[in-house]
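Asks: So I've got this file, upload_9.pdb, and it contains PDB, C-alpha atoms and all ligand atoms:
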```
ATOM      1  CA  MET A   1     -10.435  14.685   6.142  1.00  0.00           C
ATOM      2  CA  GLU A   2     -10.835  10.941   6.259  1.00  0.00           C
ATOM      3  CA  LYS A   3     -12.844  10.111   3.138  1.00  0.00           C
ATOM      4  CA  LEU A   4     -12.934  11.161  -0.511  1.00  0.00           C
ATOM      5  CA  THR A   5     -15.192   9.820  -3.256  1.00  0.00           C
ATOM      6  CA  ILE A   6     -14.351  10.330  -6.925  1.00  0.00           C
ATOM      7  CA  GLY A   7     -16.442   8.607  -9.597  1.00  0.00           C
ATOM      8  CA  ASN A   8     -17.341   5.159  -8.248  1.00  0.00           C
ATOM      9  CA  ALA A   9     -14.322   4.921  -5.974  1.00  0.00           C
ATOM     10  CA  THR A  10     -13.846   5.899  -2.336  1.00  0.00           C
ATOM     11  CA  LEU A  11     -10.537   6.540  -0.597  1.00  0.00           C
ATOM     12  CA  GLU A  12     -10.510   6.287   3.181  1.00  0.00           C
ATOM     13  CA  ILE A  13      -7.781   7.098   5.706  1.00  0.00           C
ATOM     14  CA  THR A  14      -7.839   4.908   8.819  1.00  0.00           C
ATOM     15  CA  GLN A  15      -5.627   4.059  11.754  1.00  0.00           C
ATOM     16  CA  GLY A  16      -4.907   0.409  12.515  1.00  0.00           C
ATOM     17  CA  ASP A  17      -3.071  -2.778  11.656  1.00  0.00           C
ATOM     18  CA  ILE A  18      -2.831  -3.910   8.027  1.00  0.00           C
ATOM     19  CA  THR A  19      -3.290  -7.561   9.077  1.00  0.00           C
ATOM     20  CA  GLN A  20      -6.735  -6.851  10.585  1.00  0.00           C
ATOM     21  CA  GLN A  21      -8.590  -5.550   7.536  1.00  0.00           C
ATOM     22  CA  ASN A  22     -11.279  -8.245   7.474  1.00  0.00           C
ATOM     23  CA  ASP A  23     -13.553  -6.537   4.946  1.00  0.00           C
ATOM     24  CA  ILE A  24     -10.852  -5.988   2.284  1.00  0.00           C
ATOM     25  CA  ASN A  25     -10.062  -8.246  -0.725  1.00  0.00           C
ATOM     26  CA  ALA A  26      -6.362  -7.376  -1.115  1.00  0.00           C
ATOM     27  CA  ILE A  27      -3.876  -5.984   1.404  1.00  0.00           C
ATOM     28  CA  VAL A  28      -0.543  -4.508   0.377  1.00  0.00           C
ATOM     29  CA  ASN A  29       2.785  -5.601   1.837  1.00  0.00           C
ATOM     30  CA  ALA A  30       5.671  -3.124   2.169  1.00  0.00           C
ATOM     31  CA  ALA A  31       7.980  -5.879   0.982  1.00  0.00           C
ATOM     32  CA  ASN A  32      11.698  -6.494   0.508  1.00  0.00           C
ATOM     33  CA  ALA A  33      13.169  -7.417  -2.896  1.00  0.00           C
ATOM     34  CA  TYR A  34      13.345 -11.114  -1.987  1.00  0.00           C
ATOM     35  CA  LEU A  35       9.717 -11.237  -0.868  1.00  0.00           C
ATOM     36  CA  ARG A  36      10.731 -12.807   2.415  1.00  0.00           C
ATOM     37  CA  THR A  37       9.425 -12.013   5.841  1.00  0.00           C
ATOM     38  CA  GLY A  38      11.129  -9.063   7.545  1.00  0.00           C
ATOM     39  CA  GLY A  39      10.369  -6.342  10.080  1.00  0.00           C
ATOM     40  CA  GLY A  40       7.433  -3.902  10.153  1.00  0.00           C
ATOM     41  CA  VAL A  41       4.575  -4.611   7.779  1.00  0.00           C
ATOM     42  CA  ALA A  42       6.325  -7.541   6.056  1.00  0.00           C
ATOM     43  CA  GLY A  43       6.916  -9.283   9.388  1.00  0.00           C
ATOM     44  CA  ALA A  44       3.345  -8.740  10.542  1.00  0.00           C
ATOM     45  CA  ILE A  45       1.858  -9.956   7.238  1.00  0.00           C
ATOM     46  CA  HIS A  46       4.034 -13.067   6.987  1.00  0.00           C
ATOM     47  CA  ARG A  47       3.394 -13.982  10.640  1.00  0.00           C
ATOM     48  CA  ALA A  48      -0.354 -13.640  10.225  1.00  0.00           C
ATOM     49  CA  ALA A  49      -0.461 -15.408   6.844  1.00  0.00           C
ATOM     50  CA  GLY A  50       1.739 -18.350   7.869  1.00  0.00           C
ATOM     51  CA  GLU A  51       4.719 -20.024   6.161  1.00  0.00           C
ATOM     52  CA  GLU A  52       2.850 -20.794   2.948  1.00  0.00           C
ATOM     53  CA  LEU A  53       2.980 -17.128   1.971  1.00  0.00           C
ATOM     54  CA  GLU A  54       6.777 -17.028   1.799  1.00  0.00           C
ATOM     55  CA  LYS A  55       6.812 -20.300  -0.150  1.00  0.00           C
ATOM     56  CA  GLU A  56       4.664 -18.711  -2.828  1.00  0.00           C
ATOM     57  CA  SER A  57       6.141 -15.199  -2.789  1.00  0.00           C
ATOM     58  CA  THR A  58       9.821 -16.170  -3.082  1.00  0.00           C
ATOM     59  CA  HIS A  59       9.080 -17.800  -6.456  1.00  0.00           C
ATOM     60  CA  LEU A  60       8.192 -14.333  -7.774  1.00  0.00           C
ATOM     61  CA  ALA A  61      11.357 -12.660  -6.387  1.00  0.00           C
ATOM     62  CA  PRO A  62      13.429 -10.624  -6.823  1.00  0.00           C
ATOM     63  CA  ILE A  63      11.406  -7.520  -7.624  1.00  0.00           C
ATOM     64  CA  LYS A  64      12.643  -3.969  -8.259  1.00  0.00           C
ATOM     65  CA  PRO A  65      11.655  -0.733  -6.491  1.00  0.00           C
ATOM     66  CA  GLY A  66       8.255   0.388  -7.758  1.00  0.00           C
ATOM     67  CA  GLN A  67       7.137  -3.116  -8.777  1.00  0.00           C
ATOM     68  CA  ALA A  68       4.189  -5.078  -7.390  1.00  0.00           C
ATOM     69  CA  VAL A  69       3.293  -8.789  -7.474  1.00  0.00           C
ATOM     70  CA  ILE A  70       0.269 -10.687  -6.163  1.00  0.00           C
ATOM     71  CA  THR A  71      -0.047 -13.870  -4.085  1.00  0.00           C
ATOM     72  CA  GLY A  72      -2.697 -15.602  -2.012  1.00  0.00           C
ATOM     73  CA  ALA A  73      -3.261 -14.454   1.576  1.00  0.00           C
ATOM     74  CA  TYR A  74      -3.385 -17.881   3.336  1.00  0.00           C
ATOM     75  CA  ASN A  75      -4.349 -17.407   7.024  1.00  0.00           C
ATOM     76  CA  LEU A  76      -5.043 -13.696   6.637  1.00  0.00           C
ATOM     77  CA  PRO A  77      -8.719 -12.687   6.430  1.00  0.00           C
ATOM     78  CA  ASN A  78      -8.146 -11.374   2.869  1.00  0.00           C
ATOM     79  CA  LYS A  79      -8.074 -13.070  -0.521  1.00  0.00           C
ATOM     80  CA  TYR A  80      -4.792 -11.635  -1.794  1.00  0.00           C
ATOM     81  CA  VAL A  81      -1.565  -9.965  -0.723  1.00  0.00           C
ATOM     82  CA  ILE A  82      -0.023  -7.508  -3.187  1.00  0.00           C
ATOM     83  CA  HIS A  83       3.687  -7.126  -2.457  1.00  0.00           C
ATOM     84  CA  CYS A  84       5.218  -3.758  -3.336  1.00  0.00           C
ATOM     85  CA  LEU A  85       8.892  -2.894  -3.059  1.00  0.00           C
ATOM     86  CA  GLY A  86       9.100   0.749  -2.045  1.00  0.00           C
ATOM     87  CA  PRO A  87      12.196   2.867  -2.738  1.00  0.00           C
ATOM     88  CA  VAL A  88      14.817   3.428  -0.053  1.00  0.00           C
ATOM     89  CA  TYR A  89      14.667   7.185   0.521  1.00  0.00           C
ATOM     90  CA  LYS A  90      17.505   9.030  -1.252  1.00  0.00           C
ATOM     91  CA  ARG A  91      19.014   5.772  -2.513  1.00  0.00           C
ATOM     92  CA  ASP A  92      16.543   4.425  -5.067  1.00  0.00           C
ATOM     93  CA  MET A  93      16.080   7.452  -7.300  1.00  0.00           C
ATOM     94  CA  PRO A  94      13.859   9.127  -8.272  1.00  0.00           C
ATOM     95  CA  HIS A  95      12.245   8.021  -5.009  1.00  0.00           C
ATOM     96  CA  ASP A  96       8.995   9.937  -5.588  1.00  0.00           C
ATOM     97  CA  LYS A  97       8.373   8.317  -8.990  1.00  0.00           C
ATOM     98  CA  LEU A  98       9.244   4.880  -7.668  1.00  0.00           C
ATOM     99  CA  LEU A  99       6.931   5.294  -4.674  1.00  0.00           C
ATOM    100  CA  ALA A 100       4.087   6.467  -6.944  1.00  0.00           C
ATOM    101  CA  SER A 101       4.700   3.386  -9.136  1.00  0.00           C
ATOM    102  CA  CYS A 102       4.081   1.102  -6.164  1.00  0.00           C
ATOM    103  CA  TYR A 103       0.571   2.517  -5.733  1.00  0.00           C
ATOM    104  CA  LYS A 104      -0.090   2.602  -9.468  1.00  0.00           C
ATOM    105  CA  ASN A 105       1.077  -0.976 -10.069  1.00  0.00           C
ATOM    106  CA  ALA A 106      -0.873  -2.348  -7.088  1.00  0.00           C
ATOM    107  CA  ILE A 107      -4.019  -0.595  -8.324  1.00  0.00           C
ATOM    108  CA  SER A 108      -3.428  -1.892 -11.889  1.00  0.00           C
ATOM    109  CA  ILE A 109      -3.275  -5.455 -10.560  1.00  0.00           C
ATOM    110  CA  CYS A 110      -6.659  -4.901  -8.883  1.00  0.00           C
ATOM    111  CA  GLU A 111      -8.146  -3.605 -12.116  1.00  0.00           C
ATOM    112  CA  GLU A 112      -6.760  -6.570 -14.095  1.00  0.00           C
ATOM    113  CA  LYS A 113      -8.069  -9.124 -11.599  1.00  0.00           C
ATOM    114  CA  GLY A 114     -11.397  -7.435 -10.823  1.00  0.00           C
ATOM    115  CA  ILE A 115     -10.473  -6.813  -7.182  1.00  0.00           C
ATOM    116  CA  GLU A 116     -12.929  -4.408  -5.520  1.00  0.00           C
ATOM    117  CA  SER A 117     -11.105  -3.312  -2.379  1.00  0.00           C
ATOM    118  CA  ILE A 118      -7.492  -2.739  -1.347  1.00  0.00           C
ATOM    119  CA  ALA A 119      -5.720  -1.583   1.821  1.00  0.00           C
ATOM    120  CA  PHE A 120      -2.279   0.037   1.737  1.00  0.00           C
ATOM    121  CA  PRO A 121       0.196   0.686   4.552  1.00  0.00           C
ATOM    122  CA  ALA A 122       2.448   3.772   4.232  1.00  0.00           C
ATOM    123  CA  ILE A 123       5.024   2.099   1.972  1.00  0.00           C
ATOM    124  CA  SER A 124       8.705   3.087   2.526  1.00  0.00           C
ATOM    125  CA  THR A 125       8.021   5.208   5.633  1.00  0.00           C
ATOM    126  CA  GLY A 126       9.541   2.738   8.115  1.00  0.00           C
ATOM    127  CA  VAL A 127      12.876   0.975   7.559  1.00  0.00           C
ATOM    128  CA  PHE A 128      13.243   2.608   4.123  1.00  0.00           C
ATOM    129  CA  GLY A 129      13.306   6.087   5.702  1.00  0.00           C
ATOM    130  CA  TYR A 130      10.867   8.058   3.511  1.00  0.00           C
ATOM    131  CA  PRO A 131       9.593  11.031   5.572  1.00  0.00           C
ATOM    132  CA  VAL A 132       5.896  10.476   6.183  1.00  0.00           C
ATOM    133  CA  GLU A 133       4.781  13.988   5.078  1.00  0.00           C
ATOM    134  CA  GLU A 134       6.472  13.562   1.692  1.00  0.00           C
ATOM    135  CA  ALA A 135       5.361   9.957   1.273  1.00  0.00           C
ATOM    136  CA  ALA A 136       1.741  10.832   2.117  1.00  0.00           C
ATOM    137  CA  LYS A 137       1.692  13.496  -0.596  1.00  0.00           C
ATOM    138  CA  VAL A 138       3.098  11.141  -3.244  1.00  0.00           C
ATOM    139  CA  ALA A 139       0.805   8.261  -2.269  1.00  0.00           C
ATOM    140  CA  LEU A 140      -2.436  10.227  -2.009  1.00  0.00           C
ATOM    141  CA  LYS A 141      -1.779  12.258  -5.172  1.00  0.00           C
ATOM    142  CA  GLU A 142      -1.174   9.082  -7.159  1.00  0.00           C
ATOM    143  CA  ILE A 143      -4.249   7.320  -5.759  1.00  0.00           C
ATOM    144  CA  ILE A 144      -6.482  10.365  -6.389  1.00  0.00           C
ATOM    145  CA  SER A 145      -5.197  10.748  -9.955  1.00  0.00           C
ATOM    146  CA  LEU A 146      -6.150   7.123 -10.698  1.00  0.00           C
ATOM    147  CA  MET A 147      -9.561   7.101  -9.009  1.00  0.00           C
ATOM    148  CA  MET A 148     -11.424   8.610 -11.984  1.00  0.00           C
ATOM    149  CA  THR A 149     -10.232   5.786 -14.259  1.00  0.00           C
ATOM    150  CA  LEU A 150     -11.190   2.806 -12.084  1.00  0.00           C
ATOM    151  CA  ARG A 151     -13.657   0.220 -13.371  1.00  0.00           C
ATOM    152  CA  HIS A 152     -13.448  -2.572 -10.785  1.00  0.00           C
ATOM    153  CA  LEU A 153     -11.717  -1.171  -7.722  1.00  0.00           C
ATOM    154  CA  LYS A 154     -14.276   0.668  -5.605  1.00  0.00           C
ATOM    155  CA  TYR A 155     -12.655   1.100  -2.224  1.00  0.00           C
ATOM    156  CA  ILE A 156      -9.100   2.109  -1.302  1.00  0.00           C
ATOM    157  CA  ARG A 157      -8.044   2.277   2.339  1.00  0.00           C
ATOM    158  CA  MET A 158      -4.820   3.702   3.747  1.00  0.00           C
ATOM    159  CA  VAL A 159      -4.049   2.030   7.081  1.00  0.00           C
ATOM    160  CA  LEU A 160      -1.727   4.088   9.270  1.00  0.00           C
ATOM    161  CA  PHE A 161      -0.102   2.518  12.269  1.00  0.00           C
ATOM    162  CA  SER A 162       0.678   5.558  14.416  1.00  0.00           C
ATOM    163  CA  ASP A 163      -1.381   8.481  15.577  1.00  0.00           C
ATOM    164  CA  HIS A 164       1.072  10.878  13.963  1.00  0.00           C
ATOM    165  CA  ASP A 165       1.033   9.154  10.549  1.00  0.00           C
ATOM    166  CA  PHE A 166      -2.772   9.039  10.665  1.00  0.00           C
ATOM    167  CA  LYS A 167      -2.967  12.802  11.327  1.00  0.00           C
ATOM    168  CA  VAL A 168      -0.436  13.585   8.594  1.00  0.00           C
ATOM    169  CA  HIS A 169      -2.424  11.591   6.012  1.00  0.00           C
ATOM    170  CA  LYS A 170      -5.736  13.219   7.022  1.00  0.00           C
ATOM    171  CA  GLU A 171      -4.202  16.693   6.677  1.00  0.00           C
ATOM    172  CA  LYS A 172      -2.661  15.841   3.311  1.00  0.00           C
ATOM    173  CA  LEU A 173      -5.959  14.479   1.974  1.00  0.00           C
ATOM    174  CA  LYS A 174      -7.679  17.704   3.025  1.00  0.00           C
ATOM    175  CA  GLU A 175      -5.029  19.769   1.228  1.00  0.00           C
ATOM    176  CA  LEU A 176      -5.111  17.684  -1.953  1.00  0.00           C
ATOM    177  CA  SER A 177      -8.896  17.587  -2.177  1.00  0.00           C
ATOM    178  CA  LYS A 178      -8.958  21.425  -2.348  1.00  0.00           C
ATOM    179  CA  GLN A 179      -6.674  21.515  -5.393  1.00  0.00           C
TER     180      GLN A 179
HETATM  181  N1  LIG A 201       0.057  -2.284   9.951  1.00  0.00           N
HETATM  182  C1  LIG A 201       0.137  -1.077   9.315  1.00  0.00           C
HETATM  183  N2  LIG A 201       1.265  -0.348   9.268  1.00  0.00           N
HETATM  184  C2  LIG A 201       2.363  -0.850   9.890  1.00  0.00           C
HETATM  185  C3  LIG A 201       2.358  -2.094  10.579  1.00  0.00           C
HETATM  186  C4  LIG A 201       1.135  -2.825  10.594  1.00  0.00           C
HETATM  187  N3  LIG A 201       1.031  -4.007  11.196  1.00  0.00           N
HETATM  188  N4  LIG A 201       3.617  -2.302  11.074  1.00  0.00           N
HETATM  189  C5  LIG A 201       4.357  -1.224  10.744  1.00  0.00           C
HETATM  190  N5  LIG A 201       3.606  -0.350  10.037  1.00  0.00           N
HETATM  191  P1  LIG A 201       8.025  -0.804   7.058  1.00  0.00           P
HETATM  192  P2  LIG A 201       9.259   0.059   4.508  1.00  0.00           P
HETATM  193  C6  LIG A 201       3.998   0.948   9.433  1.00  0.00           C
HETATM  194  O1  LIG A 201       9.333  -0.660   7.746  1.00  0.00           O
HETATM  195  O2  LIG A 201       9.700   1.366   5.077  1.00  0.00           O
HETATM  196  C7  LIG A 201      10.819  -4.647   6.147  1.00  0.00           C
HETATM  197  O3  LIG A 201      11.693  -5.212   7.055  1.00  0.00           O
HETATM  198  C8  LIG A 201       5.285   1.538   9.908  1.00  0.00           C
HETATM  199  O4  LIG A 201       5.061   2.282  11.096  1.00  0.00           O
HETATM  200  O5  LIG A 201       7.211  -2.017   7.308  1.00  0.00           O
HETATM  201  O6  LIG A 201       8.653   0.016   3.136  1.00  0.00           O
HETATM  202  C9  LIG A 201      10.850  -5.284   4.774  1.00  0.00           C
HETATM  203  O7  LIG A 201      11.344  -6.585   4.832  1.00  0.00           O
HETATM  204  C10 LIG A 201       5.680   2.434   8.746  1.00  0.00           C
HETATM  205  O8  LIG A 201       5.008   3.680   8.847  1.00  0.00           O
HETATM  206  O9  LIG A 201       8.193  -0.723   5.432  1.00  0.00           O
HETATM  207  C11 LIG A 201      11.738  -4.357   3.977  1.00  0.00           C
HETATM  208  O10 LIG A 201      13.093  -4.747   4.021  1.00  0.00           O
HETATM  209  C12 LIG A 201       5.103   1.707   7.523  1.00  0.00           C
HETATM  210  O11 LIG A 201       4.211   0.732   8.051  1.00  0.00           O
HETATM  211  C13 LIG A 201      11.581  -3.026   4.624  1.00  0.00           C
HETATM  212  O12 LIG A 201      11.190  -3.288   5.964  1.00  0.00           O
HETATM  213  C14 LIG A 201       6.131   1.044   6.640  1.00  0.00           C
HETATM  214  O13 LIG A 201       7.181   0.505   7.426  1.00  0.00           O
HETATM  215  C15 LIG A 201      10.516  -2.164   3.979  1.00  0.00           C
HETATM  216  O14 LIG A 201      10.529  -0.892   4.566  1.00  0.00           O
END
```
Could you express the structure from this file as structure tokens?

Replies:
Amino acid sequence: MEKLTIGNATLEITQGDITQQNDINAIVNAANAYLRTGGGVAGAIHRAAGEELEKESTHLAPIKPGQAVITGAYNLPNKYVIHCLGPVYKRDMPHDKLLASCYKNAISICEEKGIESIAFPAISTGVFGYPVEEAAKVALKEIISLMMTLRHLKYIRMVLFSDHDFKVHKEKLKELSKQ
């Protein structure tokens, strides 16, 4: 299953690159605590946005696991970047609650600022070692539980890089939508 609508909000699972989401207001960075460029998503976002992004983001650092902060998006095709620090699997505990907080806090920022669309990567599933099956369940459950309450945010996209991660998220959405 690739799409779920609840209330006025739609969640969609897609495969692609988080830096190429031209139709989305805010993209989410799987950041590090210092809000500097890095590998994976953070590297791709900072490269595409240009140096100005790090100049702005480092003023808001450090952040703790589960937290989210917002900056401009500079050379990216979006208006904002929301930087979330995911938990390191089995180190930042409880990792499931902290991962859910990332999604919740990013979505709260959208509601506060009247942002209508957001795209998330699979936070913590790369360098931070969170198994993708477990992370998909936490992420999708949290997003679905918030969808009923949304007033401004209308469209939530999960952008999965690999074929495997895309399939896992589609399966998990199917499972969760039956519950
Ligand atoms: N678009 C979408 N997803 C991507 C992209 C992309 N361009 N590139 C990688 N992924 P990671 P984390 C996937 O490691 O685990 C950084 O160095 C990737 O396949 O970016 O939260 C930071 O500086 C994986 O499934 O984030 C931090 O120190 C997922 O995005 C640390 O890594 C997340 O992988 C954060 O680690």

Asks: Assuming the chain letters and numbering stay as they are in my file, what does the PyMOL selection byres (((chain A and resi 63) around 10) and not hetatm) actually select? List them as a PDB file with C-alpha atoms, in the coordinates of the input.

Replies:
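Here's the written file result_4.pdb:
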```pdb
ATOM      1  CA  ALA A  31       7.980  -5.879   0.982  1.00  0.00           C
ATOM      2  CA  ASN A  32      11.698  -6.494   0.508  1.00  0.00           C
ATOM      3  CA  ALA A  33      13.169  -7.417  -2.896  1.00  0.00           C
ATOM      4  CA  TYR A  34      13.345 -11.114  -1.987  1.00  0.00           C
ATOM      5  CA  LEU A  35       9.717 -11.237  -0.868  1.00  0.00           C
ATOM      6  CA  THR A  58       9.821 -16.170  -3.082  1.00  0.00           C
ATOM      7  CA  LEU A  60       8.192 -14.333  -7.774  1.00  0.00           C
ATOM      8  CA  ALA A  61      11.357 -12.660  -6.387  1.00  0.00           C
ATOM      9  CA  PRO A  62      13.429 -10.624  -6.823  1.00  0.00           C
ATOM     10  CA  LYS A  64      12.643  -3.969  -8.259  1.00  0.00           C
ATOM     11  CA  PRO A  65      11.655  -0.733  -6.491  1.00  0.00           C
ATOM     12  CA  GLY A  66       8.255   0.388  -7.758  1.00  0.00           C
ATOM     13  CA  GLN A  67       7.137  -3.116  -8.777  1.00  0.00           C
ATOM     14  CA  ALA A  68       4.189  -5.078  -7.390  1.00  0.00           C
ATOM     15  CA  VAL A  69       3.293  -8.789  -7.474  1.00  0.00           C
ATOM     16  CA  HIS A  83       3.687  -7.126  -2.457  1.00  0.00           C
ATOM     17  CA  CYS A  84       5.218  -3.758  -3.336  1.00  0.00           C
ATOM     18  CA  LEU A  85       8.892  -2.894  -3.059  1.00  0.00           C
TER      19      LEU A  85
END
```

Asks: List as a PDB file with C-alpha atoms, in the frame of the given file the protein and nucleic acid residues near Ile109 in chain A, meaning an atom at most 10 Å away when only C-alpha atoms are counted, but skip any in the same chain fewer than 2 places from it.

Replies:
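Okay, this is what ended up in part.pdb:
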```pdb
ATOM      1  CA  ALA A  68       4.189  -5.078  -7.390  1.00  0.00           C
ATOM      2  CA  VAL A  69       3.293  -8.789  -7.474  1.00  0.00           C
ATOM      3  CA  ILE A  70       0.269 -10.687  -6.163  1.00  0.00           C
ATOM      4  CA  ILE A  82      -0.023  -7.508  -3.187  1.00  0.00           C
ATOM      5  CA  LYS A 104      -0.090   2.602  -9.468  1.00  0.00           C
ATOM      6  CA  ASN A 105       1.077  -0.976 -10.069  1.00  0.00           C
ATOM      7  CA  ALA A 106      -0.873  -2.348  -7.088  1.00  0.00           C
ATOM      8  CA  ILE A 107      -4.019  -0.595  -8.324  1.00  0.00           C
ATOM      9  CA  GLU A 111      -8.146  -3.605 -12.116  1.00  0.00           C
ATOM     10  CA  GLU A 112      -6.760  -6.570 -14.095  1.00  0.00           C
ATOM     11  CA  LYS A 113      -8.069  -9.124 -11.599  1.00  0.00           C
ATOM     12  CA  GLY A 114     -11.397  -7.435 -10.823  1.00  0.00           C
ATOM     13  CA  ILE A 115     -10.473  -6.813  -7.182  1.00  0.00           C
ATOM     14  CA  LEU A 153     -11.717  -1.171  -7.722  1.00  0.00           C
TER      15      LEU A 153
END
```

Asks: Here's a test: counting all atoms listed in the file, identify every protein, DNA and RNA residue with an atom at most 7 Å from (-4.5, -13.6, 8.2) in the file's coordinate frame, and state them as number ranges by chain.

Replies: A: 19, 48-49, 73-78

Asks: Wanna dump the chain A-ligand LIG 201 (chain A) contacts at 9 Å for me, each residue with its shortest atom pair and the distance in Å to one decimal, counting all atoms listed in the file, ordered by chain and number, as a tab-separated table?

Replies:
```
residue	atom	partner	partner_atom	distance
A:Gln15	CA	A:LIG201	C1	8.1
A:Gly16	CA	A:LIG201	C1	6.2
A:Asp17	CA	A:LIG201	N1	3.6
A:Ile18	CA	A:LIG201	N1	3.8
A:Thr19	CA	A:LIG201	N3	6.0
A:Gln20	CA	A:LIG201	N1	8.2
A:Asn29	CA	A:LIG201	O5	7.9
A:Ala30	CA	A:LIG201	O6	4.4
A:Ala31	CA	A:LIG201	C9	4.8
A:Asn32	CA	A:LIG201	C11	4.1
A:Ala33	CA	A:LIG201	O10	7.4
A:Tyr34	CA	A:LIG201	O7	8.4
A:Leu35	CA	A:LIG201	O7	7.5
A:Arg36	CA	A:LIG201	O7	6.7
A:Thr37	CA	A:LIG201	O7	5.8
A:Gly38	CA	A:LIG201	O7	3.7
A:Gly39	CA	A:LIG201	O3	3.5
A:Gly40	CA	A:LIG201	O5	3.4
A:Val41	CA	A:LIG201	O5	3.7
A:Ala42	CA	A:LIG201	C9	5.2
A:Gly43	CA	A:LIG201	O3	6.7
A:Ala44	CA	A:LIG201	N3	5.3
A:Ile45	CA	A:LIG201	N3	7.2
A:Cys84	CA	A:LIG201	O6	8.2
A:Leu85	CA	A:LIG201	O6	6.8
A:Gly86	CA	A:LIG201	O6	5.3
A:Pro87	CA	A:LIG201	O6	7.4
A:Val88	CA	A:LIG201	O2	7.5
A:Tyr89	CA	A:LIG201	O2	8.9
A:Phe120	CA	A:LIG201	C1	8.0
A:Pro121	CA	A:LIG201	N2	4.9
A:Ala122	CA	A:LIG201	C12	4.7
A:Ile123	CA	A:LIG201	O6	4.3
A:Ser124	CA	A:LIG201	O6	3.1
A:Thr125	CA	A:LIG201	O2	4.2
A:Gly126	CA	A:LIG201	O13	3.3
A:Val127	CA	A:LIG201	O1	3.9
A:Phe128	CA	A:LIG201	O2	3.9
A:Gly129	CA	A:LIG201	O2	6.0
A:Tyr130	CA	A:LIG201	O2	7.0
A:Val132	CA	A:LIG201	O8	7.4
A:Met158	CA	A:LIG201	C1	8.9
A:Val159	CA	A:LIG201	C1	5.7
A:Leu160	CA	A:LIG201	N2	5.4
A:Phe161	CA	A:LIG201	N2	4.4
A:Ser162	CA	A:LIG201	O4	6.4
A:Asp165	CA	A:LIG201	O8	7.0
```

Asks: Choose the residue, out of A:Ala100, A:Met1, A:Ile24, A:Leu11, that has the smallest atom-to-atom separation from Met147 in chain A; count all atoms listed in the file.

Replies: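 Using all atoms listed in the file, the shortest distance to Met147 in chain A belongs to A:Leu11.
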
Asks: State, in Å with one decimal place, the distance from CA of Leu98 in chain A to CA of Glu133 in chain A.

Replies: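 Computing the Euclidean distance for CA of Leu98 in chain A and CA of Glu133 in chain A yields 16.3 Å.
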
Asks: Using all atoms listed in the file, give me every residue within 6 Å of (-10.6, -5.6, 1.4) in file coordinates, as a ChimeraX atom specification.

Replies: /A:23-26,117-118

Asks: Between A:Ala136, A:Leu150, A:Val28, A:Ile6, which one has atoms that come closest to Leu99 in chain A, using all atoms listed in the file?

Replies: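 Nearest candidate to Leu99 in chain A out of A:Ala136, A:Leu150, A:Val28, A:Ile6: A:Ala136.
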
Asks: Closest to Thr5 in chain A among A:Leu173, A:Tyr80, A:Pro94, A:Gly72, using all atoms listed in the file?

Replies: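 Under the stated criterion, the closest residue is A:Leu173.
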
Asks: CA of Leu146 in chain A and CA of Ser108 in chain A, how far apart in Å?

Replies: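 Interatomic distance, CA of Ser108 in chain A to CA of Leu146 in chain A: 9.5 Å.
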
Asks: Evaluating the PyMOL selection byres (((chain A and resi 154) around 6) and not hetatm) on the displayed file yields which residues, as a PDB file with C-alpha atoms, keeping the file's coordinate frame?

Replies:
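Produced file result.pdb, reproduced below:
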```
ATOM      1  CA  ALA A   9     -14.322   4.921  -5.974  1.00  0.00           C
ATOM      2  CA  GLU A 116     -12.929  -4.408  -5.520  1.00  0.00           C
ATOM      3  CA  LEU A 153     -11.717  -1.171  -7.722  1.00  0.00           C
ATOM      4  CA  TYR A 155     -12.655   1.100  -2.224  1.00  0.00           C
TER       5      TYR A 155
END
```

Asks: How many Å separate CA of Met93 in chain A from CA of His59 in chain A?

Replies: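 It comes out at 26.2 Å.
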
Asks: Considering only C-alpha atoms, return as a JSON list (two decimals) with C-alpha atoms, in the coordinates of the input whatever protein or nucleic-acid residues lie within 10 Å of Glu134 in chain A, sequence-local ones (same chain, fewer than 4 positions apart) excluded.

Replies:
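Below is the file that was written, result-v4.json:
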```
[["chain", "number", "residue", "atom", "x", "y", "z"],
["A", 96, "ASP", "CA", 8.99, 9.94, -5.59],
["A", 125, "THR", "CA", 8.02, 5.21, 5.63],
["A", 130, "TYR", "CA", 10.87, 8.06, 3.51],
["A", 138, "VAL", "CA", 3.10, 11.14, -3.24],
["A", 139, "ALA", "CA", 0.80, 8.26, -2.27],
["A", 168, "VAL", "CA", -0.44, 13.58, 8.59],
["A", 172, "LYS", "CA", -2.66, 15.84, 3.31]]
```

Asks: Nearest residue to Glu12 in chain A out of A:Leu53, A:Ile156, A:Ala135, A:Ala119, using all atoms listed in the file?

Replies: A:Ile156

Asks: As JSON, please report the centre and edge lengths, rounded to one decimal in Å, of the axis-aligned box that holds all listed atoms of range 145-154 of chain A with 4 Å of padding on each of the six sides.

Replies:
```
{"center_x": -9.7, "center_y": 4.1, "center_z": -9.9, "size_x": 17.1, "size_y": 21.3, "size_z": 16.7}
```

Asks: Write only N, CA and C atoms for range 146-150 of chain A from the block just shown, as a short mmCIF file (atom, residue, chain, number, x, y, z; two decimals), in the first residue's frame.

Replies:
```cif
data_model
loop_
_atom_site.label_atom_id
_atom_site.label_comp_id
_atom_site.auth_asym_id
_atom_site.auth_seq_id
_atom_site.Cartn_x
_atom_site.Cartn_y
_atom_site.Cartn_z
N LEU A 146 -1.19 10.82 14.36
CA LEU A 146 -1.31 12.28 14.37
C LEU A 146 -2.20 12.82 13.25
N MET A 147 -2.43 12.00 12.23
CA MET A 147 -3.10 12.52 11.02
C MET A 147 -4.50 13.08 11.29
N MET A 148 -5.23 12.45 12.19
CA MET A 148 -6.59 12.89 12.53
C MET A 148 -6.62 14.31 13.10
N THR A 149 -5.51 14.70 13.75
CA THR A 149 -5.50 15.96 14.50
C THR A 149 -5.00 17.14 13.67
N LEU A 150 -4.57 16.89 12.43
CA LEU A 150 -3.88 17.95 11.68
C LEU A 150 -4.84 19.02 11.16
#
```
